[in-house]
$ cat query33.txt   # compact mmCIF, C-alpha atoms
# COMPACT_ATOMS: atom_id res chain seq x y z
CA MET A 1 68.04 63.56 193.83
CA VAL A 2 65.02 65.32 192.44
CA GLN A 3 63.17 64.85 189.19
CA PRO A 4 65.06 66.35 186.26
CA PHE A 5 63.62 69.10 184.12
CA ARG A 6 63.46 68.31 180.45
CA ARG A 7 63.70 71.89 179.28
CA LEU A 8 65.94 72.79 176.38
CA LYS A 9 68.29 75.75 176.15
CA GLU A 10 67.68 78.55 173.69
CA SER A 11 70.08 78.31 170.73
CA PRO A 12 72.95 80.70 171.45
CA SER A 13 72.97 83.89 169.40
CA GLN A 14 75.75 84.67 166.95
CA THR A 15 76.46 87.94 165.21
CA ALA A 16 74.53 88.71 162.02
CA GLY A 17 77.94 89.46 160.53
CA PRO A 18 78.95 91.82 157.73
CA TYR A 19 76.91 90.00 155.08
CA VAL A 20 73.51 90.03 156.79
CA HIS A 21 72.18 91.87 153.74
CA ILE A 22 72.58 88.75 151.60
CA GLY A 23 70.01 86.96 153.72
CA ALA A 24 67.75 89.76 154.88
CA THR A 25 67.82 92.26 152.02
CA PRO A 26 69.28 90.42 149.02
CA ASN A 27 67.85 92.82 146.43
CA PHE A 28 69.44 95.72 148.30
CA SER A 29 72.77 93.85 148.25
CA GLY A 30 72.56 93.25 144.48
CA ILE A 31 71.30 89.66 144.54
CA GLU A 32 68.23 90.02 142.39
CA GLY A 33 65.79 87.42 141.15
CA VAL A 34 65.76 85.14 144.20
CA PHE A 35 63.00 86.95 146.12
CA PRO A 36 60.61 89.40 144.40
CA HIS A 37 61.32 92.06 147.03
CA ASP A 38 63.16 92.37 150.32
CA LEU A 39 60.96 91.29 153.19
CA GLY A 40 59.77 94.23 155.29
CA SER A 41 60.85 96.80 152.72
CA LEU A 42 57.61 97.38 150.85
CA PRO A 43 56.21 100.90 151.19
CA LEU A 44 53.49 101.52 153.73
CA PRO A 45 50.20 100.47 152.06
CA ALA A 46 48.10 103.45 150.93
CA LYS A 47 45.10 102.08 152.80
CA ALA A 48 46.85 101.88 156.17
CA GLN A 49 44.94 103.97 158.68
CA GLY A 50 46.50 106.61 160.89
CA ARG A 51 48.89 109.49 160.77
CA ARG A 52 51.81 108.87 158.46
CA ILE A 53 55.21 109.57 159.90
CA ILE A 54 58.87 109.09 159.04
CA VAL A 55 61.26 107.62 161.57
CA THR A 56 64.92 108.05 160.75
CA GLY A 57 68.33 108.24 162.35
CA GLN A 58 71.84 106.96 162.62
CA ILE A 59 73.48 104.29 164.73
CA PHE A 60 76.79 105.24 166.35
CA ASP A 61 79.48 103.03 167.81
CA GLY A 62 81.40 103.81 171.00
CA GLY A 63 83.86 105.94 169.05
CA GLY A 64 81.11 108.14 167.65
CA THR A 65 81.37 106.69 164.16
CA PRO A 66 78.10 105.94 162.33
CA ILE A 67 77.66 102.24 161.59
CA ARG A 68 77.03 101.48 157.95
CA ASP A 69 76.39 97.77 158.06
CA ALA A 70 73.55 97.57 160.61
CA LEU A 71 70.11 96.17 159.97
CA VAL A 72 67.11 97.58 161.82
CA GLU A 73 63.73 95.93 162.42
CA ILE A 74 60.76 97.72 163.93
CA TRP A 75 57.55 96.30 165.37
CA GLN A 76 54.64 98.43 166.48
CA ALA A 77 50.91 98.63 167.06
CA ASP A 78 48.51 100.17 164.56
CA ALA A 79 46.86 103.56 165.02
CA GLN A 80 44.32 102.03 167.42
CA GLY A 81 47.00 100.40 169.56
CA LEU A 82 46.36 96.89 168.24
CA TYR A 83 49.08 94.51 167.06
CA PRO A 84 48.65 92.62 163.79
CA GLY A 85 48.53 88.84 164.02
CA PRO A 86 47.13 86.09 166.21
CA GLY A 87 49.01 87.15 169.35
CA GLU A 88 46.61 90.10 169.67
CA ARG A 89 43.34 89.12 171.32
CA ARG A 90 41.85 92.53 172.16
CA GLY A 91 40.54 93.11 168.66
CA GLN A 92 41.35 93.07 164.99
CA ALA A 93 44.20 95.29 163.91
CA ASP A 94 44.09 97.31 160.69
CA PRO A 95 44.47 94.61 158.00
CA HIS A 96 46.43 97.02 155.79
CA PHE A 97 49.08 97.75 158.39
CA PRO A 98 51.88 95.15 158.63
CA GLY A 99 53.30 96.34 161.97
CA TRP A 100 56.77 95.11 161.07
CA PHE A 101 59.37 96.69 158.82
CA ARG A 102 63.02 96.04 158.15
CA GLN A 103 65.62 98.33 156.60
CA PRO A 104 69.39 98.35 156.26
CA VAL A 105 71.31 101.46 157.13
CA ASP A 106 72.05 103.22 153.85
CA THR A 107 75.64 102.36 153.01
CA THR A 108 76.49 105.84 151.69
CA THR A 109 74.48 108.18 153.94
CA ASP A 110 74.68 106.05 157.15
CA ILE A 111 70.97 106.74 157.70
CA TYR A 112 68.12 104.34 158.31
CA ARG A 113 64.59 105.42 157.43
CA PHE A 114 61.08 104.02 157.84
CA GLU A 115 57.77 105.37 156.67
CA THR A 116 55.07 104.14 159.02
CA ILE A 117 52.12 105.41 161.02
CA LYS A 118 52.08 106.75 164.53
CA PRO A 119 51.12 103.87 166.83
CA GLY A 120 48.25 104.05 169.30
CA ILE A 121 48.35 103.31 172.99
CA VAL A 122 49.02 99.74 174.18
CA PRO A 123 48.37 98.66 177.78
CA TYR A 124 51.14 97.54 180.13
CA PHE A 125 50.54 94.13 181.71
CA ASP A 126 48.71 95.73 184.64
CA GLY A 127 46.41 97.73 182.38
CA ARG A 128 48.10 101.12 182.66
CA PRO A 129 48.60 102.78 179.28
CA MET A 130 52.06 102.75 177.75
CA ALA A 131 52.95 105.86 175.77
CA PRO A 132 52.99 105.33 171.98
CA HIS A 133 56.23 103.56 171.10
CA ILE A 134 57.97 101.52 168.42
CA SER A 135 60.05 98.46 169.33
CA PHE A 136 63.49 98.37 167.68
CA TRP A 137 65.80 95.42 167.12
CA ILE A 138 69.31 96.12 165.86
CA VAL A 139 71.82 93.63 164.51
CA ALA A 140 75.20 94.13 162.85
CA ARG A 141 78.72 92.85 162.64
CA GLY A 142 80.21 93.08 166.12
CA ILE A 143 76.83 92.78 167.85
CA ASN A 144 76.80 89.30 169.38
CA ILE A 145 73.14 89.31 170.32
CA GLY A 146 70.45 91.55 168.81
CA LEU A 147 69.77 94.74 170.76
CA HIS A 148 66.22 95.60 171.80
CA THR A 149 65.18 99.18 172.48
CA ARG A 150 62.13 101.43 172.06
CA LEU A 151 61.42 104.72 170.37
CA TYR A 152 59.11 107.10 172.20
CA PHE A 153 57.79 110.29 170.60
CA GLY A 154 59.10 113.71 171.56
CA ASP A 155 55.67 115.33 171.15
CA GLU A 156 54.01 112.96 173.62
CA GLU A 157 55.38 114.55 176.77
CA GLU A 158 52.37 113.83 178.93
CA ALA A 159 52.07 110.19 177.88
CA ASN A 160 55.82 109.69 178.21
CA ALA A 161 55.75 111.10 181.74
CA ALA A 162 53.17 108.45 182.70
CA ASP A 163 54.79 105.56 180.84
CA PRO A 164 55.50 102.61 183.18
CA ILE A 165 58.59 101.50 181.25
CA LEU A 166 60.24 104.91 181.11
CA ALA A 167 59.44 105.27 184.82
CA ARG A 168 61.69 102.29 185.55
CA ILE A 169 64.84 103.96 184.23
CA GLU A 170 66.73 104.72 187.39
CA HIS A 171 69.20 107.17 185.88
CA ARG A 172 66.73 109.78 184.70
CA VAL A 173 69.24 111.45 182.40
CA ARG A 174 69.11 108.32 180.23
CA VAL A 175 65.36 108.57 179.55
CA GLN A 176 65.98 111.03 176.77
CA THR A 177 68.00 108.44 174.83
CA LEU A 178 64.66 106.76 174.03
CA ILE A 179 62.79 109.89 172.99
CA ALA A 180 62.82 110.85 169.32
CA PRO A 181 62.30 114.58 168.80
CA LEU A 182 59.93 115.76 166.10
CA SER A 183 62.59 117.09 163.75
CA ASP A 184 60.43 118.14 160.81
CA VAL A 185 56.75 119.08 161.02
CA GLY A 186 56.25 118.92 157.22
CA SER A 187 53.35 117.17 155.52
CA VAL A 188 54.72 113.87 156.82
CA PRO A 189 56.20 114.55 160.27
CA THR A 190 59.71 113.21 160.81
CA TYR A 191 61.04 111.88 164.09
CA THR A 192 64.79 111.48 164.46
CA PHE A 193 65.94 108.59 166.59
CA ASP A 194 69.70 108.21 166.84
CA ILE A 195 70.98 105.12 168.59
CA ARG A 196 74.27 105.07 170.47
CA LEU A 197 75.61 101.62 171.16
CA GLN A 198 78.17 102.71 173.70
CA GLY A 199 79.70 105.71 175.46
CA GLU A 200 78.24 109.12 176.12
CA ASN A 201 74.42 109.08 175.89
CA GLU A 202 74.43 105.33 175.37
CA THR A 203 70.91 104.26 174.40
CA VAL A 204 68.96 102.27 176.96
CA PHE A 205 68.71 98.67 175.73
CA PHE A 206 66.31 96.15 177.16
CA ASP A 207 66.44 92.59 178.38
CA ILE A 208 62.93 91.63 177.36
CA MET B 1 47.10 83.61 158.47
CA ARG B 2 47.80 80.18 159.94
CA ASN B 3 49.53 79.69 163.28
CA GLU B 4 46.35 79.64 165.34
CA ASN B 5 47.89 77.18 167.75
CA SER B 6 48.51 76.65 171.39
CA THR B 7 51.82 78.45 171.66
CA HIS B 8 50.09 81.67 170.65
CA GLN B 9 47.82 81.36 173.66
CA GLY B 10 50.73 81.49 176.05
CA GLY B 11 51.92 84.17 178.41
CA SER B 12 55.23 85.90 178.89
CA PHE B 13 58.51 84.32 177.84
CA TYR B 14 61.03 82.65 180.11
CA GLN B 15 63.86 84.94 181.04
CA ARG B 16 66.64 84.74 178.49
CA ASP B 17 69.69 82.98 179.98
CA ARG B 18 72.30 85.59 179.14
CA SER B 19 75.08 83.36 180.48
CA TRP B 20 74.35 80.88 177.69
CA HIS B 21 74.70 83.50 174.93
CA PRO B 22 77.89 85.35 174.04
CA PRO B 23 78.19 88.59 176.03
CA ALA B 24 78.14 91.86 174.09
CA PHE B 25 81.84 92.52 174.79
CA THR B 26 84.12 89.79 173.42
CA PRO B 27 87.44 91.56 172.79
CA ASN B 28 88.97 88.74 170.72
CA TYR B 29 86.24 89.55 168.22
CA LYS B 30 87.50 93.07 167.72
CA THR B 31 84.44 94.69 166.17
CA SER B 32 82.51 93.99 169.38
CA VAL B 33 84.76 96.33 171.36
CA LEU B 34 83.08 99.55 170.23
CA ARG B 35 79.68 98.00 169.49
CA SER B 36 78.94 96.58 172.93
CA PRO B 37 76.75 98.56 175.34
CA LYS B 38 78.54 99.16 178.63
CA ASN B 39 75.46 99.80 180.75
CA ALA B 40 73.43 96.93 182.12
CA LEU B 41 70.39 96.06 180.06
CA LEU B 42 67.13 97.30 181.57
CA SER B 43 65.01 94.29 182.48
CA LEU B 44 61.69 94.99 180.89
CA GLY B 45 59.62 91.88 181.35
CA ASN B 46 57.16 91.16 178.58
CA THR B 47 54.38 93.49 177.55
CA LEU B 48 52.13 93.02 174.54
CA SER B 49 54.80 94.76 172.48
CA GLU B 50 57.19 91.86 173.10
CA MET B 51 54.66 89.01 173.26
CA THR B 52 53.37 89.71 169.76
CA GLY B 53 55.35 89.66 166.54
CA PRO B 54 55.09 89.41 162.78
CA VAL B 55 53.88 86.10 161.34
CA PHE B 56 54.45 84.92 157.81
CA GLY B 57 52.32 82.58 155.72
CA HIS B 58 53.55 79.83 153.43
CA GLY B 59 51.96 81.78 150.56
CA MET B 60 54.88 84.22 150.50
CA LEU B 61 57.36 81.50 149.55
CA GLY B 62 58.52 80.92 146.00
CA GLN B 63 59.12 77.39 144.75
CA LEU B 64 62.91 77.65 144.89
CA ASP B 65 63.19 79.70 148.09
CA ASN B 66 64.56 76.66 149.95
CA ASP B 67 66.79 75.48 147.11
CA LEU B 68 70.04 77.42 147.00
CA ILE B 69 71.36 75.06 144.34
CA LEU B 70 68.78 76.27 141.86
CA ASN B 71 67.48 79.65 143.06
CA TYR B 72 70.31 81.66 141.50
CA ALA B 73 71.47 79.21 138.84
CA GLN B 74 72.18 81.06 135.58
CA SER B 75 74.24 78.89 133.25
CA GLY B 76 74.40 75.68 135.28
CA GLU B 77 74.49 74.51 138.88
CA PRO B 78 76.86 75.89 141.50
CA ILE B 79 80.08 74.02 142.26
CA GLY B 80 80.55 72.23 145.58
CA PRO B 81 79.26 69.45 147.81
CA ARG B 82 75.49 69.16 147.61
CA ILE B 83 73.87 69.07 151.05
CA ILE B 84 70.44 69.04 152.66
CA VAL B 85 70.06 70.93 155.94
CA HIS B 86 67.01 69.93 157.94
CA GLY B 87 65.79 70.07 161.50
CA GLN B 88 63.09 71.13 163.88
CA VAL B 89 62.40 74.46 165.54
CA LEU B 90 61.36 73.88 169.16
CA ASP B 91 60.75 76.09 172.15
CA GLU B 92 62.47 75.57 175.51
CA ASP B 93 59.67 73.21 176.57
CA GLY B 94 60.34 71.05 173.52
CA ARG B 95 57.15 72.13 171.76
CA PRO B 96 57.39 72.50 167.97
CA VAL B 97 57.29 76.09 166.73
CA ARG B 98 55.12 75.91 163.66
CA GLY B 99 54.98 78.68 161.08
CA ALA B 100 58.44 79.99 162.01
CA LEU B 101 60.14 81.88 159.18
CA LEU B 102 63.79 80.91 158.70
CA GLU B 103 66.11 82.92 156.49
CA PHE B 104 69.60 81.65 155.73
CA TRP B 105 72.65 83.01 153.95
CA GLN B 106 76.15 81.74 153.34
CA ALA B 107 79.38 81.82 151.33
CA ASN B 108 79.86 79.57 148.31
CA ALA B 109 81.91 76.37 148.28
CA GLY B 110 85.13 78.40 148.01
CA GLY B 111 84.26 80.53 151.02
CA ARG B 112 83.35 83.59 148.98
CA TYR B 113 80.26 85.72 149.65
CA ARG B 114 78.43 87.49 146.88
CA HIS B 115 78.88 90.90 148.50
CA ARG B 116 80.59 94.10 147.43
CA LYS B 117 82.54 94.38 150.67
CA GLU B 118 84.00 90.89 150.44
CA SER B 119 87.64 90.85 149.37
CA TYR B 120 88.68 87.19 149.66
CA LEU B 121 90.50 85.94 146.56
CA ALA B 122 88.31 82.86 146.17
CA ALA B 123 86.14 83.02 143.08
CA ILE B 124 82.52 84.12 142.91
CA ASP B 125 80.34 81.29 141.66
CA PRO B 126 78.15 82.68 138.86
CA ASN B 127 75.41 80.21 139.75
CA PHE B 128 75.28 80.75 143.49
CA GLY B 129 73.48 83.65 145.24
CA GLY B 130 73.76 82.33 148.79
CA CYS B 131 70.35 83.14 150.27
CA GLY B 132 67.14 81.24 150.92
CA ARG B 133 64.20 80.95 153.27
CA THR B 134 61.50 78.58 154.43
CA ILE B 135 58.68 78.28 156.98
CA THR B 136 58.34 75.42 159.45
CA ASP B 137 55.50 72.92 159.08
CA ASP B 138 53.00 71.87 161.74
CA GLU B 139 55.68 69.83 163.53
CA GLY B 140 58.15 72.71 163.45
CA ARG B 141 60.21 70.96 160.78
CA TYR B 142 62.10 72.61 157.95
CA TRP B 143 64.59 71.67 155.27
CA PHE B 144 66.54 73.27 152.45
CA ARG B 145 69.08 72.25 149.85
CA THR B 146 72.36 74.05 149.29
CA ILE B 147 76.09 73.77 148.64
CA LYS B 148 78.35 73.25 151.63
CA PRO B 149 80.08 76.58 152.26
CA GLY B 150 83.85 76.87 152.56
CA PRO B 151 85.85 78.50 155.37
CA TYR B 152 87.23 81.94 154.69
CA PRO B 153 89.72 84.46 156.09
CA TRP B 154 88.53 87.65 157.73
CA PRO B 155 90.26 90.78 158.97
CA ASN B 156 90.27 90.31 162.73
CA GLY B 157 93.59 88.83 163.73
CA VAL B 158 96.19 88.82 160.96
CA ASN B 159 95.39 85.19 160.21
CA ASP B 160 91.86 84.47 161.41
CA TRP B 161 89.57 82.17 159.47
CA ARG B 162 85.91 81.50 160.01
CA PRO B 163 84.83 77.87 160.13
CA ALA B 164 82.36 76.87 157.42
CA HIS B 165 78.95 78.11 158.54
CA ILE B 166 75.44 79.06 157.50
CA HIS B 167 73.74 82.12 159.02
CA PHE B 168 70.17 81.68 160.29
CA SER B 169 67.57 84.33 161.10
CA ILE B 170 64.50 82.99 162.90
CA PHE B 171 61.11 84.56 163.53
CA GLY B 172 59.07 82.62 166.08
CA HIS B 173 55.72 83.85 167.32
CA ALA B 174 56.81 86.97 169.17
CA PHE B 175 59.34 89.78 168.91
CA ALA B 176 60.83 88.43 172.17
CA GLN B 177 61.84 85.24 170.31
CA ARG B 178 63.69 86.99 167.49
CA LEU B 179 67.06 85.34 166.97
CA ILE B 180 70.01 85.34 164.59
CA THR B 181 72.63 82.63 164.89
CA GLN B 182 75.03 80.48 162.85
CA MET B 183 75.19 76.78 162.08
CA TYR B 184 78.55 74.99 162.03
CA PHE B 185 79.45 71.56 160.67
CA GLU B 186 80.31 68.44 162.64
CA GLY B 187 84.01 67.64 162.73
CA ASP B 188 85.34 71.06 161.73
CA PRO B 189 88.48 71.81 163.82
CA MET B 190 88.22 75.52 162.98
CA ILE B 191 85.10 75.94 165.11
CA TRP B 192 87.26 75.93 168.23
CA GLN B 193 89.73 78.48 166.84
CA CYS B 194 87.17 81.10 165.87
CA PRO B 195 86.88 84.32 167.92
CA VAL B 196 83.19 84.69 167.00
CA VAL B 197 82.31 81.19 168.16
CA MET B 198 84.52 81.35 171.23
CA GLY B 199 82.57 84.33 172.51
CA ILE B 200 80.00 81.73 173.57
CA PRO B 201 80.86 80.98 177.20
CA SER B 202 80.52 77.18 177.31
CA ARG B 203 81.51 74.27 175.11
CA GLU B 204 78.05 72.82 175.62
CA ALA B 205 76.41 75.93 174.17
CA VAL B 206 78.80 75.95 171.18
CA GLU B 207 77.91 72.32 170.49
CA GLN B 208 74.26 73.35 170.25
CA LEU B 209 75.24 75.18 167.04
CA VAL B 210 77.12 72.27 165.45
CA ALA B 211 74.95 70.39 162.97
CA ALA B 212 75.29 66.61 162.93
CA LEU B 213 76.11 64.70 159.78
CA ASP B 214 72.87 62.78 159.18
CA ARG B 215 73.48 59.67 157.11
CA GLN B 216 69.84 58.59 157.39
CA ALA B 217 68.69 61.73 155.57
CA THR B 218 71.38 61.49 152.90
CA LEU B 219 70.20 60.83 149.34
CA PRO B 220 72.44 58.10 147.88
CA MET B 221 74.60 59.24 144.94
CA ASP B 222 73.02 62.68 145.26
CA THR B 223 73.14 64.80 148.42
CA MET B 224 74.66 64.61 151.93
CA ALA B 225 72.56 65.77 154.88
CA TYR B 226 73.07 67.66 158.14
CA LYS B 227 70.57 67.93 160.99
CA PHE B 228 70.28 71.29 162.74
CA ASP B 229 67.61 71.79 165.40
CA ILE B 230 66.94 75.30 166.70
CA VAL B 231 65.50 76.25 170.09
CA LEU B 232 63.59 79.47 170.68
CA ARG B 233 62.51 80.88 174.02
CA GLY B 234 59.65 79.11 175.78
CA ARG B 235 56.72 80.84 177.40
CA ARG B 236 54.61 80.50 180.47
CA SER B 237 51.12 79.15 180.44
CA THR B 238 48.60 81.92 181.02
CA LEU B 239 47.11 79.61 183.65
CA PHE B 240 49.74 80.82 186.06
CA GLU B 241 49.59 84.45 185.01
CA ASN B 242 46.07 85.45 185.90
CA ARG B 243 47.12 87.27 188.99
CA MET B 244 44.84 89.76 190.62
CA GLU B 245 45.28 93.40 189.81
CA GLY B 246 47.49 95.17 192.29
CA ASN B 247 49.57 92.08 193.05

$ encode --input "query33.txt" --output "structure tokens"
Amino acid sequence: MVQPFRRLKESPSQTAGPYVHIGATPNFSGIEGVFPHDLGSLPLPAKAQGRRIIVTGQIFDGGGTPIRDALVEIWQADAQGLYPGPGERRGQADPHFPGWFRQPVDTTTDIYRFETIKPGIVPYFDGRPMAPHISFWIVARGINIGLHTRLYFGDEEEANAADPILARIEHRVRVQTLIAPLSDVGSVPTYTFDIRLQGENETVFFDI
Amino acid sequence: MRNENSTHQGGSFYQRDRSWHPPAFTPNYKTSVLRSPKNALLSLGNTLSEMTGPVFGHGMLGQLDNDLILNYAQSGEPIGPRIIVHGQVLDEDGRPVRGALLEFWQANAGGRYRHRKESYLAAIDPNFGGCGRTITDDEGRYWFRTIKPGPYPWPNGVNDWRPAHIHFSIFGHAFAQRLITQMYFEGDPMIWQCPVVMGIPSREAVEQLVAALDRQATLPMDTMAYKFDIVLRGRRSTLFENRMEGN
């Protein structure tokens, strides 16, 4: 016999289900008056520093059908590459930039959309720079445990080529599933990031 | 911002035990068939992007956010058994996770959700919205008051019913800890007949999601109580992570 560990097990995940909007975006789902606004849905503050961008796309199932009931959360660094909150010890992030947003897929257009700023460069654990990226977390009915992935920017070819995470993708053809092309160069540039849960061009998802 | 505490000073998170969670592909839960990635997940390890995450202060909470009996009441109180749900949010090392935001949502006592896509015949309760939230205290504890939800049928098999449950969304201290799960009720035989629940590989793991009837927390002649503890991923001490560059 050896000494026992007293560690606990993480609570098992369960699907967010078809009614995730009731809890996460009640105002969007028609339940008004409980919370003043849906958490993570407020527009980007005017004082947030950096280049404003739009990130948008669709989420497809293995049959190629867009998913209408998904919920997307994004988490990213500010324009200087600093994360808001106490977990960041390299400096003080832009106090006007929340870093985290949450949006449901639009139930009629099948599109999700965020207005944010282009993130700066964050170091990998060994100090090498990671290319600018946005962390994504996707939940929906039929997804038993939330899916983590990353958006990289199509106009950051040089930084993407040197990114230590992208470099670890063995099947090089799959790298492009994480790269959002600049689809509109208008006054607020738009990057389109479609996510494919399964099948041809299945998005690379991470065990983080 | 609060949350300036020891768990924020930690390093990377323990590897998630994927054999404890339901796999992506659980064919008896039919919707998972086309929504499950077929490729292996790419093991990323933690970078700053995963070791940080949004934090929420108690100041964002309204007075009735943790009271589902009153937070949507229009003409009276909702119908159904009054319950308190309380518990502690811990990490895998048993340390309290303070400042964790919990969001919860559920059906009413008849098993009906207030949602446009819900088609169950059970009646909408005009006084029940079905959503709430709270933030854990310095000991990781939380509580809220609600109506015990009913079971309801769902279009999976021709005659599948979900056990009574409350959905939980939990934000710990890092994006790596993000979790959504469901709480079930002690003694419900339908737990073991549910294709969503049975996607969890072991009975032991399922039992971790079954809240215990807690007579000590019950308010006499008023409200029954259930205890539901939640465990988020633990993290290494940075003491062991200061390896030399190039290693």

$ interface_residues --input "query33.txt" --of "chain B" --to "chain A" --cutoff "6 Å" --atoms "only C-alpha atoms" --output "PyMOL selection string"
chain B and resi 8+21+24+31-32+34-35+37+41-47+52+71+92-93+104-105+131+180-182+230-233

$ write_last_selection --input "query33.txt" --atoms "C-alpha atoms" --output "compact mmCIF listing (two decimals), keeping the file's coordinate frame"
# COMPACT_ATOMS: atom_id res chain seq x y z
CA HIS B 8 50.09 81.67 170.65
CA HIS B 21 74.70 83.50 174.93
CA ALA B 24 78.14 91.86 174.09
CA THR B 31 84.44 94.69 166.17
CA SER B 32 82.51 93.99 169.38
CA LEU B 34 83.08 99.55 170.23
CA ARG B 35 79.68 98.00 169.49
CA PRO B 37 76.75 98.56 175.34
CA LEU B 41 70.39 96.06 180.06
CA LEU B 42 67.13 97.30 181.57
CA SER B 43 65.01 94.29 182.48
CA LEU B 44 61.69 94.99 180.89
CA GLY B 45 59.62 91.88 181.35
CA ASN B 46 57.16 91.16 178.58
CA THR B 47 54.38 93.49 177.55
CA THR B 52 53.37 89.71 169.76
CA ASN B 71 67.48 79.65 143.06
CA GLU B 92 62.47 75.57 175.51
CA ASP B 93 59.67 73.21 176.57
CA PHE B 104 69.60 81.65 155.73
CA TRP B 105 72.65 83.01 153.95
CA CYS B 131 70.35 83.14 150.27
CA ILE B 180 70.01 85.34 164.59
CA THR B 181 72.63 82.63 164.89
CA GLN B 182 75.03 80.48 162.85
CA ILE B 230 66.94 75.30 166.70
CA VAL B 231 65.50 76.25 170.09
CA LEU B 232 63.59 79.47 170.68
CA ARG B 233 62.51 80.88 174.02

$ residues_around --input "query33.txt" --residues "Leu64 (chain B)" --least-positions-apart "4" --cutoff "10 Å" --atoms "only C-alpha atoms" --output "MDAnalysis selection string"
(chainID A and resid 34:35) or (chainID B and resid 68:72 132:134 144:145)

$ atom_distance --input "query33.txt" --atom1 "CA of Ser19 (chain B)" --atom2 "CA of Ile200 (chain B)"
8.6 Å

$ residues_around --input "query33.txt" --residues "Asn28 (chain B)" --least-positions-apart "3" --cutoff "10 Å" --atoms "all atoms listed in the file" --output "PyMOL selection string"
chain B and resi 25+31-33+156-157+194-196+198-199

$ atom_distance --input "query33.txt" --atom1 "CA of Glu139 (chain B)" --atom2 "CA of Val206 (chain B)"
25.1 Å

$ atom_distance --input "query33.txt" --atom1 "CA of Ile166 (chain B)" --atom2 "CA of Ser41 (chain A)"
23.5 Å

$ residues_around --input "query33.txt" --residues "Tyr112 (chain A)" --least-positions-apart "3" --cutoff "7 Å" --atoms "all atoms listed in the file" --output "mmCIF file with C-alpha atoms, in the coordinates of the input"
data_model
loop_
_atom_site.group_PDB
_atom_site.id
_atom_site.type_symbol
_atom_site.label_atom_id
_atom_site.label_comp_id
_atom_site.auth_asym_id
_atom_site.auth_seq_id
_atom_site.Cartn_x
_atom_site.Cartn_y
_atom_site.Cartn_z
ATOM 1 C CA THR A 56 64.920 108.050 160.750
ATOM 2 C CA GLY A 57 68.330 108.240 162.350
ATOM 3 C CA GLN A 58 71.840 106.960 162.620
ATOM 4 C CA GLN A 103 65.620 98.330 156.600
ATOM 5 C CA PRO A 104 69.390 98.350 156.260
ATOM 6 C CA VAL A 105 71.310 101.460 157.130
ATOM 7 C CA ASP A 106 72.050 103.220 153.850
#
